[in-house]
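Q: Structure file structure29.cif (mmCIF, C-alpha atoms) is given on the next line.
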data_my_file
loop_
_atom_site.label_atom_id
_atom_site.label_comp_id
_atom_site.auth_asym_id
_atom_site.auth_seq_id
_atom_site.Cartn_x
_atom_site.Cartn_y
_atom_site.Cartn_z
CA MET B 1 -62.23 142.75 19.49
CA ALA B 2 -58.63 143.72 20.06
CA ARG B 3 -57.53 147.32 19.65
CA ILE B 4 -53.77 147.46 19.29
CA THR B 5 -51.77 150.68 19.31
CA CYS B 6 -48.50 149.97 17.60
CA ASN B 7 -45.37 152.10 17.25
CA PHE B 8 -42.77 151.23 14.63
CA TYR B 9 -39.99 152.87 12.68
CA SER B 10 -40.93 153.92 9.18
CA ARG B 11 -38.18 153.64 6.59
CA THR B 12 -40.25 155.93 4.34
CA LEU B 13 -40.85 158.73 6.84
CA LEU B 14 -37.53 158.21 8.68
CA ARG B 15 -39.15 158.29 12.10
CA ALA B 16 -41.31 156.30 14.45
CA VAL B 17 -45.03 156.29 13.68
CA ASP B 18 -48.18 155.23 15.55
CA ILE B 19 -51.02 153.18 14.13
CA THR B 20 -54.16 151.65 15.63
CA VAL B 21 -55.19 148.20 14.44
CA ILE B 22 -58.58 146.65 15.19
CA ILE B 23 -58.74 142.86 14.99
CA PRO B 24 -61.97 140.87 15.58
CA THR B 25 -61.63 138.36 18.42
CA ILE B 26 -63.60 135.64 20.21
CA THR B 27 -63.74 137.49 23.51
CA CYS B 28 -67.18 139.03 22.99
CA PRO B 29 -69.68 136.15 23.05
CA GLU B 30 -72.62 138.39 22.23
CA SER B 31 -71.04 139.27 18.88
CA LEU B 32 -70.31 135.70 17.81
CA ASN B 33 -72.29 133.86 15.21
CA PRO B 34 -73.51 130.66 16.91
CA ASN B 35 -72.15 128.66 13.95
CA GLU B 36 -68.65 130.05 14.38
CA LYS B 37 -66.24 127.83 16.29
CA PRO B 38 -63.54 129.71 18.23
CA ASN B 39 -60.74 127.38 17.13
CA PHE B 40 -61.41 128.38 13.51
CA ILE B 41 -61.10 132.11 14.17
CA PHE B 42 -57.64 132.72 12.68
CA LYS B 43 -57.52 129.98 10.05
CA ARG B 44 -57.88 132.70 7.44
CA LYS B 45 -56.70 136.28 7.46
CA PHE B 46 -59.24 139.05 7.91
CA PRO B 47 -60.32 141.47 5.18
CA VAL B 48 -59.23 145.00 6.01
CA ILE B 49 -60.31 148.62 5.78
CA TYR B 50 -57.54 151.22 5.79
CA LEU B 51 -59.53 153.98 7.50
CA LEU B 52 -58.11 157.48 7.12
CA HIS B 53 -58.60 160.46 9.45
CA GLY B 54 -59.38 164.07 8.64
CA PHE B 55 -57.42 167.33 8.90
CA GLY B 56 -56.04 167.93 12.39
CA ASN B 57 -56.69 164.37 13.57
CA ASN B 58 -54.58 161.24 14.12
CA HIS B 59 -54.65 157.44 14.32
CA ALA B 60 -56.76 157.42 17.49
CA ILE B 61 -59.62 159.64 16.36
CA TRP B 62 -61.85 157.05 14.64
CA THR B 63 -61.93 154.83 17.73
CA ALA B 64 -62.47 157.84 20.00
CA TYR B 65 -65.44 159.41 18.18
CA THR B 66 -67.23 156.49 16.51
CA ASN B 67 -68.37 152.93 17.17
CA VAL B 68 -66.03 151.55 14.53
CA GLU B 69 -64.64 148.89 16.91
CA MET B 70 -68.11 147.45 17.50
CA PHE B 71 -68.95 147.63 13.79
CA ALA B 72 -65.71 145.80 12.91
CA GLU B 73 -66.26 143.13 15.56
CA GLU B 74 -69.81 142.47 14.40
CA ARG B 75 -68.78 142.22 10.76
CA ARG B 76 -65.54 140.31 11.25
CA ILE B 77 -63.32 142.82 9.49
CA ALA B 78 -60.00 144.38 10.48
CA VAL B 79 -59.46 148.14 10.51
CA VAL B 80 -56.15 150.00 10.26
CA ASN B 81 -55.85 153.64 11.33
CA LEU B 82 -52.72 155.73 10.86
CA SER B 83 -51.50 159.24 11.55
CA ALA B 84 -50.83 161.23 8.39
CA GLU B 85 -50.60 164.66 10.01
CA ASN B 86 -52.13 167.29 7.71
CA LYS B 87 -50.39 166.09 4.56
CA PHE B 88 -53.42 164.76 2.65
CA TYR B 89 -51.82 161.31 2.35
CA SER B 90 -49.50 162.78 -0.28
CA LYS B 91 -45.81 163.56 -0.61
CA VAL B 92 -45.16 166.97 0.93
CA GLY B 93 -41.53 168.00 1.25
CA MET B 94 -39.58 165.16 2.86
CA ASP B 95 -42.74 163.53 4.21
CA ASP B 96 -43.77 160.92 1.68
CA PHE B 97 -47.10 159.81 3.10
CA PHE B 98 -48.14 158.59 -0.33
CA THR B 99 -45.51 155.84 -0.35
CA PHE B 100 -46.07 155.13 3.34
CA VAL B 101 -49.79 154.47 2.81
CA SER B 102 -49.51 152.71 -0.54
CA GLU B 103 -46.46 150.55 0.14
CA GLU B 104 -45.02 150.40 3.64
CA LEU B 105 -48.16 150.34 5.80
CA PRO B 106 -49.87 147.40 3.99
CA GLU B 107 -46.59 145.49 3.98
CA PHE B 108 -46.18 146.01 7.72
CA VAL B 109 -49.70 145.17 8.88
CA THR B 110 -50.18 142.14 6.63
CA ASN B 111 -46.97 140.64 7.97
CA MET B 112 -47.55 141.53 11.62
CA PHE B 113 -51.27 140.78 11.99
CA PRO B 114 -53.83 138.28 10.63
CA ILE B 115 -54.75 140.74 7.88
CA SER B 116 -55.22 139.81 4.23
CA ASP B 117 -53.05 141.24 1.47
CA LYS B 118 -55.51 140.23 -1.24
CA PRO B 119 -56.86 143.18 -3.31
CA GLU B 120 -60.36 141.68 -3.26
CA GLU B 121 -60.26 141.79 0.56
CA SER B 122 -58.72 145.27 0.89
CA TYR B 123 -60.67 148.52 1.15
CA ILE B 124 -59.73 152.14 1.76
CA ALA B 125 -61.99 154.83 3.21
CA GLY B 126 -61.85 158.09 5.08
CA LEU B 127 -63.56 161.28 6.16
CA SER B 128 -62.88 164.79 4.84
CA MET B 129 -59.11 164.92 4.20
CA GLY B 130 -59.15 161.14 4.63
CA GLY B 131 -61.84 160.91 1.96
CA TYR B 132 -59.52 162.78 -0.37
CA GLY B 133 -56.78 160.33 0.64
CA SER B 134 -58.94 157.30 -0.07
CA TYR B 135 -59.75 158.67 -3.53
CA LEU B 136 -56.08 159.48 -4.12
CA HIS B 137 -54.85 156.00 -3.26
CA GLY B 138 -57.78 154.07 -4.66
CA LEU B 139 -57.59 155.87 -8.01
CA SER B 140 -53.78 155.78 -8.15
CA HIS B 141 -53.75 152.02 -7.57
CA PRO B 142 -57.21 150.73 -8.57
CA GLU B 143 -55.85 147.18 -8.74
CA ARG B 144 -55.11 147.15 -5.00
CA TYR B 145 -58.55 147.87 -3.55
CA ALA B 146 -61.96 146.32 -4.02
CA ALA B 147 -63.72 149.50 -2.87
CA ILE B 148 -63.26 153.13 -1.89
CA GLY B 149 -65.25 154.95 0.77
CA ALA B 150 -65.29 158.76 0.77
CA PHE B 151 -67.27 160.56 3.48
CA SER B 152 -67.57 164.38 3.22
CA ALA B 153 -64.60 164.31 0.87
CA PRO B 154 -63.12 167.30 -0.97
CA SER B 155 -62.06 166.65 -4.55
CA SER B 156 -58.89 168.72 -4.28
CA ASN B 157 -56.14 169.54 -1.81
CA ARG B 158 -55.48 173.22 -1.21
CA ARG B 159 -53.71 173.18 2.16
CA THR B 160 -50.36 171.44 1.79
CA GLY B 161 -48.68 174.12 -0.29
CA GLY B 162 -47.20 171.47 -2.56
CA LYS B 163 -48.15 170.07 -5.93
CA ARG B 164 -51.66 168.70 -5.72
CA PRO B 165 -52.45 165.31 -7.27
CA ASP B 166 -55.35 165.74 -9.68
CA LEU B 167 -58.02 163.20 -8.69
CA LEU B 168 -60.06 163.76 -11.84
CA LYS B 169 -57.00 163.10 -14.01
CA LEU B 170 -56.35 159.86 -12.13
CA ALA B 171 -59.94 158.80 -12.80
CA LYS B 172 -59.74 159.77 -16.48
CA ASP B 173 -56.53 157.76 -16.83
CA ILE B 174 -58.28 154.66 -15.45
CA ALA B 175 -61.09 155.09 -17.96
CA LYS B 176 -58.69 155.83 -20.84
CA GLU B 177 -56.54 152.79 -20.11
CA GLY B 178 -59.56 150.53 -19.77
CA LYS B 179 -58.79 149.60 -16.18
CA LYS B 180 -61.44 148.60 -13.68
CA PHE B 181 -62.44 151.14 -11.04
CA PRO B 182 -62.80 149.97 -7.45
CA LYS B 183 -66.43 150.21 -6.37
CA ILE B 184 -67.06 153.62 -4.81
CA TYR B 185 -69.25 154.61 -1.88
CA ALA B 186 -69.46 158.38 -1.47
CA ALA B 187 -71.59 160.23 1.06
CA CYS B 188 -72.03 163.73 2.43
CA GLY B 189 -74.38 165.57 4.75
CA MET B 190 -76.56 168.02 2.88
CA GLU B 191 -75.65 170.84 5.29
CA ASP B 192 -71.92 170.19 4.89
CA PHE B 193 -69.86 172.98 3.31
CA LEU B 194 -68.29 170.31 1.08
CA PHE B 195 -71.62 168.91 -0.12
CA SER B 196 -71.59 170.45 -3.59
CA ASP B 197 -67.95 169.55 -4.24
CA SER B 198 -68.37 165.99 -2.94
CA LYS B 199 -71.47 165.27 -5.00
CA LYS B 200 -70.10 166.87 -8.16
CA PHE B 201 -66.95 164.75 -8.05
CA ALA B 202 -68.89 161.54 -7.34
CA MET B 203 -71.08 162.21 -10.38
CA LYS B 204 -68.00 162.82 -12.56
CA LEU B 205 -66.64 159.44 -11.49
CA LYS B 206 -69.95 157.86 -12.42
CA GLU B 207 -69.82 159.51 -15.86
CA LEU B 208 -66.37 157.99 -16.38
CA GLY B 209 -67.75 154.52 -15.82
CA ALA B 210 -67.14 153.96 -12.11
CA ASP B 211 -69.70 152.00 -10.10
CA VAL B 212 -70.65 154.77 -7.66
CA THR B 213 -73.09 154.63 -4.78
CA TRP B 214 -73.91 158.17 -3.67
CA GLU B 215 -75.67 158.94 -0.40
CA GLU B 216 -76.76 162.36 0.80
CA VAL B 217 -78.42 162.79 4.17
CA GLU B 218 -80.45 165.77 5.36
CA GLY B 219 -79.64 167.50 8.61
CA TYR B 220 -75.93 166.70 8.84
CA LYS B 221 -72.97 169.05 8.61
CA HIS B 222 -69.24 168.23 8.71
CA GLU B 223 -69.60 166.17 11.88
CA TRP B 224 -68.83 162.94 13.68
CA ARG B 225 -72.46 161.85 14.04
CA PHE B 226 -72.64 161.65 10.27
CA TRP B 227 -69.33 159.80 9.91
CA ASN B 228 -70.35 157.31 12.61
CA LEU B 229 -73.51 156.65 10.61
CA GLU B 230 -71.73 156.33 7.29
CA VAL B 231 -68.83 154.11 8.32
CA GLU B 232 -71.33 151.48 9.45
CA ARG B 233 -73.31 151.81 6.22
CA PHE B 234 -70.09 151.54 4.26
CA MET B 235 -69.16 148.31 6.06
CA ASP B 236 -72.56 146.81 5.25
CA TRP B 237 -72.32 147.95 1.63
CA LEU B 238 -68.88 146.39 1.00
CA PRO B 239 -68.82 143.80 -1.80
CA ARG B 240 -67.40 141.08 0.43
CA LYS B 241 -66.83 137.47 -0.60
CA ASP B 242 -64.26 136.56 2.05
CA TYR B 243 -64.46 133.67 4.51
CA TYR B 244 -65.76 135.87 7.35
CA ALA B 245 -68.46 137.64 5.34
CA LYS B 246 -71.16 135.15 6.36
CA LEU B 247 -69.84 134.61 9.88
CA GLY B 248 -70.22 138.17 11.06
CA LYS B 249 -73.36 138.98 13.01
CA ARG B 250 -74.86 142.22 11.74
CA PRO B 251 -77.67 144.09 13.49
CA VAL B 252 -81.18 143.23 12.27
#
Could you express the structure from this file as structure tokens?
A:
Amino acid sequence: MARITCNFYSRTLLRAVDITVIIPTITCPESLNPNEKPNFIFKRKFPVIYLLHGFGNNHAIWTAYTNVEMFAEERRIAVVNLSAENKFYSKVGMDDFFTFVSEELPEFVTNMFPISDKPEESYIAGLSMGGYGSYLHGLSHPERYAAIGAFSAPSSNRRTGGKRPDLLKLAKDIAKEGKKFPKIYAACGMEDFLFSDSKKFAMKLKELGADVTWEEVEGYKHEWRFWNLEVERFMDWLPRKDYYAKLGKRPV
């Protein structure tokens, strides 16, 4: 795999920003499917997960605390991490992280890297604050993502001091307008302080007609061991039909 840390000027945020991009490569023979020929590797763009961090973290945290690089290499899927400060992937004051995530970031990475811009090959997921962000963006633009992943996710945002987007209203609007929900994978440790909130919101989404997979695991709190476990399960759960879906070598 290739892990690329990239700095570029954001016209939305009016400053330079850092992102980490993970691209599967042919440099790890042990991860290659024997039927995959190296000269075919970039003939098609990779499906992508926009993977969002939690409160107090940044673009480098997922690769520092989990095995997401190995998981992505094995499954032949790209991963994009960004830094959204503590703004809940929303517009707070002059910092419009909502537009940055929904518009500018996908435009940048799909033009700079071998990453697909197809909705059926695009996924968004995150932990804690990032789980809120994945719900926010996936429910605001259900036509842009094939699936949402929310790990230990709160259903509301109480820390930015600004107007809080109402996730339940977004979901109700999808149902009212007859739009299709992205598939949803939601998970939380049963010892997590957000467990009740996370489960309650996932069940509300299910009542509104969303295809929700809920997973609760005993013995886990709000912690990286749980998120490392769940990001791999999320990758294996994804409803993939892309070119690389059958080429990736997943653990037996």
Q: What does the structure give for the distance between CA of Glu120 (chain B) and CA of Leu170 (chain B), in Å to one decimal?
A: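 Between these atoms lies a distance of 20.6 Å.
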Q: Considering all atoms listed in the file, state which residue in the set B:Lys43, B:Lys204, B:Lys199, B:Arg225 is at the smallest distance from Ala186 (chain B).
A: B:Lys199
Q: What's around Lys183 (chain B) at 7 Å? Count all atoms listed in the file, leave out sequence neighbours fewer than 5 positions away in its own chain, and write the answer as a PDB file with C-alpha atoms, in the frame of the given file.
A:
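In the end it all went to around.pdb:
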ATOM      1  CA  ALA B 146     -61.960 146.320  -4.020  1.00  0.00           C
ATOM      2  CA  ALA B 147     -63.720 149.500  -2.870  1.00  0.00           C
ATOM      3  CA  ILE B 148     -63.260 153.130  -1.890  1.00  0.00           C
ATOM      4  CA  ALA B 210     -67.140 153.960 -12.110  1.00  0.00           C
ATOM      5  CA  ASP B 211     -69.700 152.000 -10.100  1.00  0.00           C
ATOM      6  CA  VAL B 212     -70.650 154.770  -7.660  1.00  0.00           C
TER       7      VAL B 212
END
Q: Kindly resolve the PyMOL selection byres ((chain B and resi 129-139) around 9) on the present coordinates and return the residues as JSON, numbers by chain.
A: {"B": [50, 51, 52, 53, 54, 55, 86, 87, 88, 89, 90, 98, 101, 102, 123, 124, 125, 126, 127, 128, 140, 141, 142, 143, 144, 145, 146, 147, 148, 149, 150, 151, 152, 153, 154, 155, 156, 157, 165, 166, 167, 170, 171, 174, 181, 182, 184, 186]}
Q: Take the selection from the previous step and output its residues with C-alpha atoms, as a PDB file, in the coordinates of the input.
A:
ATOM      1  CA  TYR B  50     -57.540 151.220   5.790  1.00  0.00           C
ATOM      2  CA  LEU B  51     -59.530 153.980   7.500  1.00  0.00           C
ATOM      3  CA  LEU B  52     -58.110 157.480   7.120  1.00  0.00           C
ATOM      4  CA  HIS B  53     -58.600 160.460   9.450  1.00  0.00           C
ATOM      5  CA  GLY B  54     -59.380 164.070   8.640  1.00  0.00           C
ATOM      6  CA  PHE B  55     -57.420 167.330   8.900  1.00  0.00           C
ATOM      7  CA  ASN B  86     -52.130 167.290   7.710  1.00  0.00           C
ATOM      8  CA  LYS B  87     -50.390 166.090   4.560  1.00  0.00           C
ATOM      9  CA  PHE B  88     -53.420 164.760   2.650  1.00  0.00           C
ATOM     10  CA  TYR B  89     -51.820 161.310   2.350  1.00  0.00           C
ATOM     11  CA  SER B  90     -49.500 162.780  -0.280  1.00  0.00           C
ATOM     12  CA  PHE B  98     -48.140 158.590  -0.330  1.00  0.00           C
ATOM     13  CA  VAL B 101     -49.790 154.470   2.810  1.00  0.00           C
ATOM     14  CA  SER B 102     -49.510 152.710  -0.540  1.00  0.00           C
ATOM     15  CA  TYR B 123     -60.670 148.520   1.150  1.00  0.00           C
ATOM     16  CA  ILE B 124     -59.730 152.140   1.760  1.00  0.00           C
ATOM     17  CA  ALA B 125     -61.990 154.830   3.210  1.00  0.00           C
ATOM     18  CA  GLY B 126     -61.850 158.090   5.080  1.00  0.00           C
ATOM     19  CA  LEU B 127     -63.560 161.280   6.160  1.00  0.00           C
ATOM     20  CA  SER B 128     -62.880 164.790   4.840  1.00  0.00           C
ATOM     21  CA  SER B 140     -53.780 155.780  -8.150  1.00  0.00           C
ATOM     22  CA  HIS B 141     -53.750 152.020  -7.570  1.00  0.00           C
ATOM     23  CA  PRO B 142     -57.210 150.730  -8.570  1.00  0.00           C
ATOM     24  CA  GLU B 143     -55.850 147.180  -8.740  1.00  0.00           C
ATOM     25  CA  ARG B 144     -55.110 147.150  -5.000  1.00  0.00           C
ATOM     26  CA  TYR B 145     -58.550 147.870  -3.550  1.00  0.00           C
ATOM     27  CA  ALA B 146     -61.960 146.320  -4.020  1.00  0.00           C
ATOM     28  CA  ALA B 147     -63.720 149.500  -2.870  1.00  0.00           C
ATOM     29  CA  ILE B 148     -63.260 153.130  -1.890  1.00  0.00           C
ATOM     30  CA  GLY B 149     -65.250 154.950   0.770  1.00  0.00           C
ATOM     31  CA  ALA B 150     -65.290 158.760   0.770  1.00  0.00           C
ATOM     32  CA  PHE B 151     -67.270 160.560   3.480  1.00  0.00           C
ATOM     33  CA  SER B 152     -67.570 164.380   3.220  1.00  0.00           C
ATOM     34  CA  ALA B 153     -64.600 164.310   0.870  1.00  0.00           C
ATOM     35  CA  PRO B 154     -63.120 167.300  -0.970  1.00  0.00           C
ATOM     36  CA  SER B 155     -62.060 166.650  -4.550  1.00  0.00           C
ATOM     37  CA  SER B 156     -58.890 168.720  -4.280  1.00  0.00           C
ATOM     38  CA  ASN B 157     -56.140 169.540  -1.810  1.00  0.00           C
ATOM     39  CA  PRO B 165     -52.450 165.310  -7.270  1.00  0.00           C
ATOM     40  CA  ASP B 166     -55.350 165.740  -9.680  1.00  0.00           C
ATOM     41  CA  LEU B 167     -58.020 163.200  -8.690  1.00  0.00           C
ATOM     42  CA  LEU B 170     -56.350 159.860 -12.130  1.00  0.00           C
ATOM     43  CA  ALA B 171     -59.940 158.800 -12.800  1.00  0.00           C
ATOM     44  CA  ILE B 174     -58.280 154.660 -15.450  1.00  0.00           C
ATOM     45  CA  PHE B 181     -62.440 151.140 -11.040  1.00  0.00           C
ATOM     46  CA  PRO B 182     -62.800 149.970  -7.450  1.00  0.00           C
ATOM     47  CA  ILE B 184     -67.060 153.620  -4.810  1.00  0.00           C
ATOM     48  CA  ALA B 186     -69.460 158.380  -1.470  1.00  0.00           C
TER      49      ALA B 186
END
Q: Any chance you could resolve the PyMOL selection byres ((chain B and resi 110-118) around 12) against this file and give the residues as a ChimeraX atom specification?
A: /B:2-4,6,8,20-25,41-50,76-80,103-109,119-123,143-146,241-244
Q: Check which residues satisfy the PyMOL selection byres ((chain B and resi 9) around 12) in the file shown, then give them as JSON, numbers by chain.
A: {"B": [6, 7, 8, 10, 11, 12, 13, 14, 15, 16, 17, 18, 19, 100, 104, 105, 108]}
Q: Residues as selected, C-alpha atoms, written as a PDB file, in the coordinates of the input, can you do that?
A:
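After the write, out_11.pdb holds the following:
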ATOM      1  CA  CYS B   6     -48.500 149.970  17.600  1.00  0.00           C
ATOM      2  CA  ASN B   7     -45.370 152.100  17.250  1.00  0.00           C
ATOM      3  CA  PHE B   8     -42.770 151.230  14.630  1.00  0.00           C
ATOM      4  CA  SER B  10     -40.930 153.920   9.180  1.00  0.00           C
ATOM      5  CA  ARG B  11     -38.180 153.640   6.590  1.00  0.00           C
ATOM      6  CA  THR B  12     -40.250 155.930   4.340  1.00  0.00           C
ATOM      7  CA  LEU B  13     -40.850 158.730   6.840  1.00  0.00           C
ATOM      8  CA  LEU B  14     -37.530 158.210   8.680  1.00  0.00           C
ATOM      9  CA  ARG B  15     -39.150 158.290  12.100  1.00  0.00           C
ATOM     10  CA  ALA B  16     -41.310 156.300  14.450  1.00  0.00           C
ATOM     11  CA  VAL B  17     -45.030 156.290  13.680  1.00  0.00           C
ATOM     12  CA  ASP B  18     -48.180 155.230  15.550  1.00  0.00           C
ATOM     13  CA  ILE B  19     -51.020 153.180  14.130  1.00  0.00           C
ATOM     14  CA  PHE B 100     -46.070 155.130   3.340  1.00  0.00           C
ATOM     15  CA  GLU B 104     -45.020 150.400   3.640  1.00  0.00           C
ATOM     16  CA  LEU B 105     -48.160 150.340   5.800  1.00  0.00           C
ATOM     17  CA  PHE B 108     -46.180 146.010   7.720  1.00  0.00           C
TER      18      PHE B 108
END
Q: For His59 (chain B), which of B:Leu194, B:Cys188, B:Ala84, B:Ala175 is the closest residue, counting all atoms listed in the file?
A: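 Closest to His59 (chain B) of all the choices is B:Ala84.
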Q: Looking at B:Ala60, B:Gly219, B:Asp192, B:Glu207, which one is nearest to Ser83 (chain B), with distances taken over all atoms listed in the file?
A: B:Ala60
Q: How big is the axis-aligned box, and where does its centre sit, when it encloses all atoms of region 18-26 of chain B listed in the file and has 6 Å added on every side, reported in Å to one decimal as JSON?
A:
{"center_x": -55.9, "center_y": 145.4, "center_z": 17.2, "size_x": 27.4, "size_y": 31.6, "size_z": 18.1}
Q: Have a look at CA of Tyr185 (chain B) and CA of Phe201 (chain B) and let me know their distance in Å, one decimal.
A: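 Spanning CA of Tyr185 (chain B) to CA of Phe201 (chain B) is a straight-line distance of 12.1 Å.
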Q: Rounded to one decimal place, report the CA of Ala187 (chain B)-CA of Ala64 (chain B) distance in Å.
A: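 It comes out at 21.2 Å.
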Q: Can you pull out every residue within 9 Å of Asn228 (chain B), counting all atoms listed in the file, but drop anything in the same chain fewer than 3 positions away, and send it as a list in words?
A: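 After dropping sequence-adjacent residues, the list is Trp62, Tyr65, Thr66, Asn67, Val68, Glu223, Trp224, Arg225, Val231, Glu232 and Arg233 of chain B.
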Q: For Phe226 (chain B), which residue among B:Lys246, B:Leu208, B:Gly189, B:Ala202 is the nearest when counting all atoms listed in the file?
A: B:Gly189
